Amino acid sequence: TVEIKINGQPYEVESNTSILKAAKKAGIKIPTLCTHTDLEPWAACGICVVKVEGSPKMVRACATTVVPGQNYITHDPELQKVRRTVIEMTLSNHPQECLSCAKNQICELQKLAADFGIREIPFPMDVKRLPKDTSTASLVFDPSKCIQCGRCAQVCQQLQDVWALEFLHRGHQTRIAPAAGVLLNESPCIKCGQCSAHCPVGAIYEKSQTQEFCDAVEADNVHVAVQIAPAVRVALGEVFGMEPGSITTGKIYTALRMLGSDAVFDTNFAADLTIMEEGTELVKRITTGSGVLPQITSCCPSWTDYMEKYYPDMIPHFSTAKSPMMMQGAVTKTYYAEKAGIDKESIYSVAIMPCTAKKYEIGRDDNMAASGVADVDLVLTTRELGRMIKAAGIDFANLKDSEADSPIGAYSGAGTIFGVTGGVMEAAVRTAYKLVTDAELGDINVNAVRGMEGVRKGSVDFNGTEIKVAVAHGMANVKSIMDEIREANEKGLEPPYHFIEVMACRGGCIAGGGQPYGTEDNIREKRIAGIYSDDEKSVVRRSHENPEIIQIYKDYLDEPLSEKAHHLLHTSYTE
Ligand code: HC0
Ligand code: SF4
C-alpha cells in the first residue's frame with residue numbers, strides 16, 4: 001500500500017491503483033462516462049479530471065496511477081466547470097428525447113446532467129440523425145444517441161473478443177459502428193447484449209417486445225404459458241430496489257399471473273431435463289466411445305453462434321441437447337398440451353430470460369422442430385419483465401409467493417445453478433456420477449468448478465475414473481481451451497478433457513446482457529450467492545431426483561436419448 005492524500009485527507013491505498021479507484025474506496029465519487037469496472041480505462045470522456053497539488057496540469061483520474069505522497073484535488077470550482085462544459089458539449093450533440101428513451105431514468109448522462117444542475121444547453125447543435133440498426137432479433141443500435149464513450153466496443157473486443165463494434169473514421173467524424181459500416185446482423189455479432197448492458201446511455205438496448213406479450217394476454221382463446229430462466233430470479237428484485245441476489249422466484253410467478261399468464265412454468269425444470277439428456281450423452285461418450293470427447297455444452301446461444309462462426313470444426317464436440325429454454329418450449333407444446341387437453345396451436349409460449357441472444361435463438365431453425373409449431377413464441381428479458389410489472393402498478397417487493405404449475409414447473413437445486421458459470425458442469429457431474437457409478441456423489445458441492453476465474457480446470461473422481469473438466473466464461477476466455485482441443489485432435493492425442501462448459505457472459509447468465517443495468521463484479525457476486533443459496537435450500541438437489549422429471553420420462557419420454565427425446569429435445573448445428 002501507499003500513502004496519499006485526497007482533498008487534504010490522508011488515505012492508505014493499494015499501490016498501482018488509479019486515482020479514480022482510490023477515491024471511490026475513500027467514498028468520493030469522481031464522475032465519468034467511459035470507465036467501467038469490467039474494463040481497462042482508456043480515458044475517452046474527459047469528465048474524471050482531477051488536480052495534483054503543486055502541478056499545473058489536470059490529469060484523468062481513471063488512467064492515472066496514484067503516486068505516494070501526492071495530494072489529489074477531486075472537486076473544486078474549476079474542476080466542476082471543466083466537467084460541466086464536457087457534459088454540456090455532450091448534451092448539445094445528443095437528441096433531447098429523454099422521455100421516450102429506453103434509458104429514461106437510468107441513463108448515466110441524464111444522471112450527470114441532473115447532478116450538475118444543468119438547466120439549459122448552451123450550444124445546441126443540429127443532431128445528425130443516422131438510421132437505427134434493427135437488423136438483429138436481439139438489439140436496437142441507435143447511433144444518433146451514441147456519445148462515443150467506447151464502452152460497447154471495449155466490451156465487444158476485450159471481454160467477448162468478437163470485434164463486431166469499432167470506432168469508424170477519425171476526428172470529429174468518429175463514430176462507433178459495426179466494422180466496415182455493415183449492419184449488426186452482417187457483422188460477427190453474437191447477440192450477447194453485453195454492449196447494451198454497458199452502454200451508459202440509450203444507444204444500444206434490447207429489442208423491446210412487451211407489447212406482444214400484452215397482445216397475447218388480451219387475445220381470445222390464447223393460452224399464455226410462461227417460463228422463467230434460472231438467473232432472472234436473483235436479479236429482477238434490483239429493478240424494485242431489492243438487494244442484488246434476493247431470490248424472488250415465488251414473487252415472479254405471482255406477478256406473471258397478475259399480468260395475465262395462464263400457466264407459469266420454470267426453465268429450471270428443463271435445466272434438469274437437459275442434465276438428463278446431456279449427462280446421459282456424456283456418459284455414453286465416455287463409456288462406449290461413441291462420439292468425440294470432450295463434450296461441450298451448447299445451451300448458451302451466443303456461444304453456439306460463436307462456435308458455428310469461429311470453431312465449426314468443434315461441431316462434433318457439441319452436445320446435441322437443446323438449451324433448457326428450447327426444451328421447456330418443446331414440452332410445453334407437446335407433453336403439457338396433451339396433459340392439459342389444450343390445442344398446441346392455441347398455446348403462446350413465452351420465455352423470460354436474462355439474455356438478449358435468446359431472442360435470436362428462437363429464430364434458429366429447430367424452433368419448429370419439436371411440436372410442429374414454434375416451441376417458444378416470444379422471449380422477454382429481465383429488464384422488459386421489470387418494466388411490465390412497473391407499468392401494471394404491481395408492488396413487486398411486497399408480493400406474496402406462489403408456486404409454479406405442474407407438470408413442468410418443479411426443479412432441483414441442480415437446475416437453478418445453471419444460472420452461474422460452472423453451474424451446468426456441476427449439475428451434470430451430480431447426475432453423471434450416479435449414471436456411471438450407480439452411487440450418489442458424496443459432497444454435492446463441486447467446488448472445483450466454482451468461482452470467477454475466467455478459465456477453471458479441475459477433475460472429479462468418479463469412483464476411480466478421473467473425469468477432467470474445464471469451465472470458461474466471457475467469450476474471450478474460450479480460445480485457450482478450444483486451441484488445446486484442436487491441437488489434441490490434430491495430433492491425434494488423448495482428449496485433454498471429458499467435458500467443457502462455456503457461457504458467453506462473465507459470471508454466466510446472472511450477468512447476461514438482458515439483466516438489470518449496473519452489473520459489475522460486486523453485483524455478480526451477490527447474484528451468484530443468491531443462486532447457490534437457492535440450491536442449498538432445495539430439498540432435491542440432483543436433476544435425476546426431481547419428481548416431475550421422473551414422471552415425464554415415465555409418462556412420455558421413456559428414457560434419456562430415446563427416439564422421442566431425440567425428436568423433441570435434441571438439435572444440430574451448421575457450419
Ligand atoms: Fe441461462 Fe439456460 S442457464 S442459458 O444462462 O443452459 O439465458 O438463466 O435460461 O436455456 O436453464 C440464460 C439463465 C437459461 C437456458 C437454462 C441454460
Ligand atoms: Fe458485441 Fe455482443 Fe454487442 Fe454483438 S451483442 S456487438 S457481440 S457486445
# chains A, B, ... in the order shown; residues from 1 in each chain; ligands from 1
>>> residues_near_ligand(ligand="ligand 2", cutoff="8 Å", atoms="only C-alpha atoms and all ligand atoms", output="PDB file with N, CA and C atoms, in the first residue's frame")
ATOM      1  N   SER A 138     -32.239  -9.238 -31.568  1.00  0.00           N
ATOM      2  CA  SER A 138     -31.953  -9.023 -30.153  1.00  0.00           C
ATOM      3  C   SER A 138     -31.849  -7.564 -29.735  1.00  0.00           C
ATOM      4  N   LEU A 139     -31.247  -6.747 -30.611  1.00  0.00           N
ATOM      5  CA  LEU A 139     -30.818  -5.420 -30.169  1.00  0.00           C
ATOM      6  C   LEU A 139     -31.238  -4.318 -31.130  1.00  0.00           C
ATOM      7  N   CYS A 152     -19.073   0.080 -25.332  1.00  0.00           N
ATOM      8  CA  CYS A 152     -19.613  -1.082 -26.068  1.00  0.00           C
ATOM      9  C   CYS A 152     -18.532  -1.753 -26.891  1.00  0.00           C
ATOM     10  N   ALA A 153     -17.726  -0.937 -27.563  1.00  0.00           N
ATOM     11  CA  ALA A 153     -16.677  -1.515 -28.405  1.00  0.00           C
ATOM     12  C   ALA A 153     -15.626  -2.202 -27.538  1.00  0.00           C
ATOM     13  N   VAL A 155     -16.107  -3.599 -24.613  1.00  0.00           N
ATOM     14  CA  VAL A 155     -16.690  -4.843 -24.107  1.00  0.00           C
ATOM     15  C   VAL A 155     -16.652  -5.905 -25.196  1.00  0.00           C
ATOM     16  N   CYS A 156     -17.086  -5.506 -26.384  1.00  0.00           N
ATOM     17  CA  CYS A 156     -17.159  -6.442 -27.501  1.00  0.00           C
ATOM     18  C   CYS A 156     -15.771  -6.967 -27.854  1.00  0.00           C
ATOM     19  N   GLN A 157     -14.761  -6.122 -27.697  1.00  0.00           N
ATOM     20  CA  GLN A 157     -13.406  -6.537 -28.052  1.00  0.00           C
ATOM     21  C   GLN A 157     -12.677  -7.215 -26.888  1.00  0.00           C
ATOM     22  N   GLN A 160     -15.441  -9.997 -24.921  1.00  0.00           N
ATOM     23  CA  GLN A 160     -16.050 -11.004 -25.782  1.00  0.00           C
ATOM     24  C   GLN A 160     -15.166 -11.424 -26.945  1.00  0.00           C
ATOM     25  N   VAL A 162     -15.064 -10.455 -29.852  1.00  0.00           N
ATOM     26  CA  VAL A 162     -15.861 -10.619 -31.071  1.00  0.00           C
ATOM     27  C   VAL A 162     -15.507  -9.548 -32.106  1.00  0.00           C
ATOM     28  N   TRP A 163     -15.230  -8.344 -31.663  1.00  0.00           N
ATOM     29  CA  TRP A 163     -14.850  -7.248 -32.560  1.00  0.00           C
ATOM     30  C   TRP A 163     -15.942  -6.919 -33.572  1.00  0.00           C
ATOM     31  N   ALA A 164     -17.199  -7.020 -33.135  1.00  0.00           N
ATOM     32  CA  ALA A 164     -18.291  -6.612 -34.024  1.00  0.00           C
ATOM     33  C   ALA A 164     -18.385  -5.096 -34.079  1.00  0.00           C
ATOM     34  N   LEU A 165     -17.996  -4.422 -33.003  1.00  0.00           N
ATOM     35  CA  LEU A 165     -18.095  -2.958 -32.948  1.00  0.00           C
ATOM     36  C   LEU A 165     -16.707  -2.341 -32.905  1.00  0.00           C
ATOM     37  N   PRO A 178     -20.670  -1.207 -36.366  1.00  0.00           N
ATOM     38  CA  PRO A 178     -20.069  -2.471 -36.781  1.00  0.00           C
ATOM     39  C   PRO A 178     -18.948  -2.196 -37.772  1.00  0.00           C
ATOM     40  N   LEU A 184     -25.488  -4.801 -38.026  1.00  0.00           N
ATOM     41  CA  LEU A 184     -25.066  -5.701 -36.955  1.00  0.00           C
ATOM     42  C   LEU A 184     -25.241  -7.181 -37.330  1.00  0.00           C
ATOM     43  N   PRO A 188     -19.811  -9.897 -37.113  1.00  0.00           N
ATOM     44  CA  PRO A 188     -19.636 -11.146 -36.341  1.00  0.00           C
ATOM     45  C   PRO A 188     -20.445 -11.181 -35.035  1.00  0.00           C
ATOM     46  N   CYS A 189     -21.276 -10.196 -34.777  1.00  0.00           N
ATOM     47  CA  CYS A 189     -22.026 -10.077 -33.511  1.00  0.00           C
ATOM     48  C   CYS A 189     -22.694 -11.391 -33.101  1.00  0.00           C
ATOM     49  N   ILE A 190     -22.567 -11.727 -31.813  1.00  0.00           N
ATOM     50  CA  ILE A 190     -23.182 -12.957 -31.295  1.00  0.00           C
ATOM     51  C   ILE A 190     -24.403 -12.656 -30.418  1.00  0.00           C
ATOM     52  N   LYS A 191     -24.871 -11.421 -30.463  1.00  0.00           N
ATOM     53  CA  LYS A 191     -26.133 -11.022 -29.812  1.00  0.00           C
ATOM     54  C   LYS A 191     -26.122 -11.140 -28.287  1.00  0.00           C
ATOM     55  N   CYS A 192     -24.929 -11.198 -27.698  1.00  0.00           N
ATOM     56  CA  CYS A 192     -24.845 -11.393 -26.245  1.00  0.00           C
ATOM     57  C   CYS A 192     -25.427 -10.219 -25.467  1.00  0.00           C
ATOM     58  N   GLY A 193     -25.465  -9.043 -26.101  1.00  0.00           N
ATOM     59  CA  GLY A 193     -26.063  -7.886 -25.431  1.00  0.00           C
ATOM     60  C   GLY A 193     -25.174  -7.232 -24.394  1.00  0.00           C
ATOM     61  N   GLN A 194     -23.913  -7.671 -24.299  1.00  0.00           N
ATOM     62  CA  GLN A 194     -23.033  -7.039 -23.313  1.00  0.00           C
ATOM     63  C   GLN A 194     -22.796  -5.563 -23.658  1.00  0.00           C
ATOM     64  N   CYS A 195     -22.844  -5.230 -24.941  1.00  0.00           N
ATOM     65  CA  CYS A 195     -22.737  -3.816 -25.334  1.00  0.00           C
ATOM     66  C   CYS A 195     -23.890  -3.025 -24.724  1.00  0.00           C
ATOM     67  N   SER A 196     -25.098  -3.596 -24.787  1.00  0.00           N
ATOM     68  CA  SER A 196     -26.269  -2.878 -24.256  1.00  0.00           C
ATOM     69  C   SER A 196     -26.205  -2.786 -22.740  1.00  0.00           C
ATOM     70  N   THR A 356     -30.188 -11.360 -24.212  1.00  0.00           N
ATOM     71  CA  THR A 356     -30.737 -10.849 -25.465  1.00  0.00           C
ATOM     72  C   THR A 356     -30.578 -11.876 -26.596  1.00  0.00           C
ATOM     73  N   ALA A 357     -29.565 -12.744 -26.496  1.00  0.00           N
ATOM     74  CA  ALA A 357     -29.330 -13.731 -27.560  1.00  0.00           C
ATOM     75  C   ALA A 357     -30.454 -14.766 -27.625  1.00  0.00           C
ATOM     76  N   GLY A 513     -26.773 -10.202 -20.882  1.00  0.00           N
ATOM     77  CA  GLY A 513     -26.987  -8.897 -21.497  1.00  0.00           C
ATOM     78  C   GLY A 513     -28.405  -8.355 -21.352  1.00  0.00           C
TER      79      GLY A 513
END
>>> select_by_dssp(residues="range 106-339 of chain A", states="strand (DSSP E)", output="PyMOL selection string")
chain A and resi 139-141+165-168+175-178+204-206+223-228+263-266+295-296
>>> residues_around(residues="Glu361 in chain A", least_positions_apart="6", cutoff="10 Å", atoms="only C-alpha atoms", output="PyMOL selection string")
chain A and resi 137-138+191+300-302+304-305+323+325-326+367+376+379
>>> atom_distance(atom1="CA of Cys214 in chain A", atom2="CA of Gln96 in chain A")
28.8 Å
>>> residues_near_ligand(ligand="ligand 1", cutoff="6 Å", atoms="only C-alpha atoms and all ligand atoms", output="list in words")
Ala229, Pro230, Ala231, Thr267, Asn268, Ala271, Cys299, Cys300, Ser323, Pro324, Met325, Met353, Pro354, Cys355, Phe418, Gly419, Gly508 and Cys509 of chain A
>>> decode(residues="range 478-510 of chain A", atoms="N, CA and C atoms", output="PDB file, in the first residue's frame")
ATOM      1  N   VAL A 478     -12.442 -18.337 -24.025  1.00  0.00           N
ATOM      2  CA  VAL A 478     -12.677 -19.684 -24.543  1.00  0.00           C
ATOM      3  C   VAL A 478     -11.540 -20.159 -25.455  1.00  0.00           C
ATOM      4  N   LYS A 479     -10.799 -19.196 -26.007  1.00  0.00           N
ATOM      5  CA  LYS A 479      -9.826 -19.528 -27.053  1.00  0.00           C
ATOM      6  C   LYS A 479      -8.775 -20.544 -26.586  1.00  0.00           C
ATOM      7  N   SER A 480      -8.225 -20.326 -25.391  1.00  0.00           N
ATOM      8  CA  SER A 480      -7.128 -21.198 -24.950  1.00  0.00           C
ATOM      9  C   SER A 480      -7.600 -22.653 -24.874  1.00  0.00           C
ATOM     10  N   ILE A 481      -8.827 -22.853 -24.404  1.00  0.00           N
ATOM     11  CA  ILE A 481      -9.327 -24.228 -24.280  1.00  0.00           C
ATOM     12  C   ILE A 481      -9.597 -24.834 -25.651  1.00  0.00           C
ATOM     13  N   MET A 482     -10.218 -24.048 -26.525  1.00  0.00           N
ATOM     14  CA  MET A 482     -10.528 -24.581 -27.857  1.00  0.00           C
ATOM     15  C   MET A 482      -9.241 -24.923 -28.614  1.00  0.00           C
ATOM     16  N   ASP A 483      -8.224 -24.073 -28.437  1.00  0.00           N
ATOM     17  CA  ASP A 483      -6.947 -24.353 -29.113  1.00  0.00           C
ATOM     18  C   ASP A 483      -6.336 -25.649 -28.597  1.00  0.00           C
ATOM     19  N   GLU A 484      -6.480 -25.887 -27.292  1.00  0.00           N
ATOM     20  CA  GLU A 484      -5.958 -27.124 -26.701  1.00  0.00           C
ATOM     21  C   GLU A 484      -6.640 -28.354 -27.318  1.00  0.00           C
ATOM     22  N   ILE A 485      -7.966 -28.249 -27.452  1.00  0.00           N
ATOM     23  CA  ILE A 485      -8.714 -29.385 -28.005  1.00  0.00           C
ATOM     24  C   ILE A 485      -8.341 -29.600 -29.472  1.00  0.00           C
ATOM     25  N   ARG A 486      -8.268 -28.484 -30.184  1.00  0.00           N
ATOM     26  CA  ARG A 486      -7.942 -28.566 -31.612  1.00  0.00           C
ATOM     27  C   ARG A 486      -6.563 -29.213 -31.815  1.00  0.00           C
ATOM     28  N   GLU A 487      -5.623 -28.805 -30.977  1.00  0.00           N
ATOM     29  CA  GLU A 487      -4.271 -29.355 -31.106  1.00  0.00           C
ATOM     30  C   GLU A 487      -4.275 -30.864 -30.836  1.00  0.00           C
ATOM     31  N   ALA A 488      -5.008 -31.255 -29.791  1.00  0.00           N
ATOM     32  CA  ALA A 488      -5.088 -32.694 -29.478  1.00  0.00           C
ATOM     33  C   ALA A 488      -5.716 -33.446 -30.647  1.00  0.00           C
ATOM     34  N   ASN A 489      -6.752 -32.863 -31.231  1.00  0.00           N
ATOM     35  CA  ASN A 489      -7.411 -33.506 -32.380  1.00  0.00           C
ATOM     36  C   ASN A 489      -6.443 -33.652 -33.547  1.00  0.00           C
ATOM     37  N   GLU A 490      -5.727 -32.549 -33.823  1.00  0.00           N
ATOM     38  CA  GLU A 490      -4.835 -32.559 -34.989  1.00  0.00           C
ATOM     39  C   GLU A 490      -3.681 -33.545 -34.813  1.00  0.00           C
ATOM     40  N   LYS A 491      -3.199 -33.655 -33.574  1.00  0.00           N
ATOM     41  CA  LYS A 491      -2.050 -34.540 -33.345  1.00  0.00           C
ATOM     42  C   LYS A 491      -2.471 -35.948 -32.951  1.00  0.00           C
ATOM     43  N   GLY A 492      -3.787 -36.172 -32.887  1.00  0.00           N
ATOM     44  CA  GLY A 492      -4.270 -37.496 -32.518  1.00  0.00           C
ATOM     45  C   GLY A 492      -3.965 -37.870 -31.075  1.00  0.00           C
ATOM     46  N   LEU A 493      -3.861 -36.867 -30.200  1.00  0.00           N
ATOM     47  CA  LEU A 493      -3.558 -37.125 -28.781  1.00  0.00           C
ATOM     48  C   LEU A 493      -4.827 -37.460 -28.005  1.00  0.00           C
ATOM     49  N   GLU A 494      -4.631 -37.968 -26.799  1.00  0.00           N
ATOM     50  CA  GLU A 494      -5.756 -38.189 -25.872  1.00  0.00           C
ATOM     51  C   GLU A 494      -6.507 -36.876 -25.687  1.00  0.00           C
ATOM     52  N   PRO A 495      -7.838 -36.891 -25.643  1.00  0.00           N
ATOM     53  CA  PRO A 495      -8.554 -35.642 -25.378  1.00  0.00           C
ATOM     54  C   PRO A 495      -8.148 -35.069 -24.023  1.00  0.00           C
ATOM     55  N   PRO A 496      -7.853 -33.754 -23.971  1.00  0.00           N
ATOM     56  CA  PRO A 496      -7.390 -33.181 -22.700  1.00  0.00           C
ATOM     57  C   PRO A 496      -8.485 -33.092 -21.624  1.00  0.00           C
ATOM     58  N   TYR A 497      -9.737 -33.159 -22.046  1.00  0.00           N
ATOM     59  CA  TYR A 497     -10.845 -33.072 -21.090  1.00  0.00           C
ATOM     60  C   TYR A 497     -11.964 -34.021 -21.510  1.00  0.00           C
ATOM     61  N   HIS A 498     -12.868 -34.260 -20.547  1.00  0.00           N
ATOM     62  CA  HIS A 498     -14.079 -35.013 -20.879  1.00  0.00           C
ATOM     63  C   HIS A 498     -15.255 -34.085 -21.158  1.00  0.00           C
ATOM     64  N   PHE A 499     -15.288 -32.978 -20.411  1.00  0.00           N
ATOM     65  CA  PHE A 499     -16.478 -32.124 -20.501  1.00  0.00           C
ATOM     66  C   PHE A 499     -16.069 -30.665 -20.317  1.00  0.00           C
ATOM     67  N   ILE A 500     -16.636 -29.812 -21.173  1.00  0.00           N
ATOM     68  CA  ILE A 500     -16.322 -28.374 -21.131  1.00  0.00           C
ATOM     69  C   ILE A 500     -17.628 -27.593 -21.040  1.00  0.00           C
ATOM     70  N   GLU A 501     -17.652 -26.606 -20.166  1.00  0.00           N
ATOM     71  CA  GLU A 501     -18.805 -25.691 -20.129  1.00  0.00           C
ATOM     72  C   GLU A 501     -18.360 -24.305 -20.576  1.00  0.00           C
ATOM     73  N   VAL A 502     -19.133 -23.704 -21.469  1.00  0.00           N
ATOM     74  CA  VAL A 502     -18.839 -22.340 -21.914  1.00  0.00           C
ATOM     75  C   VAL A 502     -20.097 -21.483 -21.789  1.00  0.00           C
ATOM     76  N   MET A 503     -19.941 -20.318 -21.199  1.00  0.00           N
ATOM     77  CA  MET A 503     -21.004 -19.306 -21.163  1.00  0.00           C
ATOM     78  C   MET A 503     -20.399 -18.001 -21.701  1.00  0.00           C
ATOM     79  N   ALA A 504     -21.129 -17.314 -22.544  1.00  0.00           N
ATOM     80  CA  ALA A 504     -20.562 -16.139 -23.209  1.00  0.00           C
ATOM     81  C   ALA A 504     -20.336 -14.973 -22.256  1.00  0.00           C
ATOM     82  N   CYS A 505     -21.166 -14.847 -21.240  1.00  0.00           N
ATOM     83  CA  CYS A 505     -21.089 -13.645 -20.395  1.00  0.00           C
ATOM     84  C   CYS A 505     -20.275 -13.899 -19.127  1.00  0.00           C
ATOM     85  N   ARG A 506     -19.524 -12.917 -18.705  1.00  0.00           N
ATOM     86  CA  ARG A 506     -18.716 -13.046 -17.497  1.00  0.00           C
ATOM     87  C   ARG A 506     -19.609 -13.304 -16.287  1.00  0.00           C
ATOM     88  N   GLY A 507     -19.389 -14.428 -15.626  1.00  0.00           N
ATOM     89  CA  GLY A 507     -20.200 -14.801 -14.468  1.00  0.00           C
ATOM     90  C   GLY A 507     -21.331 -15.749 -14.836  1.00  0.00           C
ATOM     91  N   GLY A 508     -21.573 -15.913 -16.146  1.00  0.00           N
ATOM     92  CA  GLY A 508     -22.695 -16.747 -16.589  1.00  0.00           C
ATOM     93  C   GLY A 508     -23.946 -15.912 -16.766  1.00  0.00           C
ATOM     94  N   CYS A 509     -25.095 -16.584 -16.834  1.00  0.00           N
ATOM     95  CA  CYS A 509     -26.353 -15.876 -17.121  1.00  0.00           C
ATOM     96  C   CYS A 509     -26.741 -14.851 -16.078  1.00  0.00           C
ATOM     97  N   ILE A 510     -26.250 -14.997 -14.851  1.00  0.00           N
ATOM     98  CA  ILE A 510     -26.596 -13.984 -13.831  1.00  0.00           C
ATOM     99  C   ILE A 510     -26.164 -12.589 -14.285  1.00  0.00           C
TER     100      ILE A 510
END
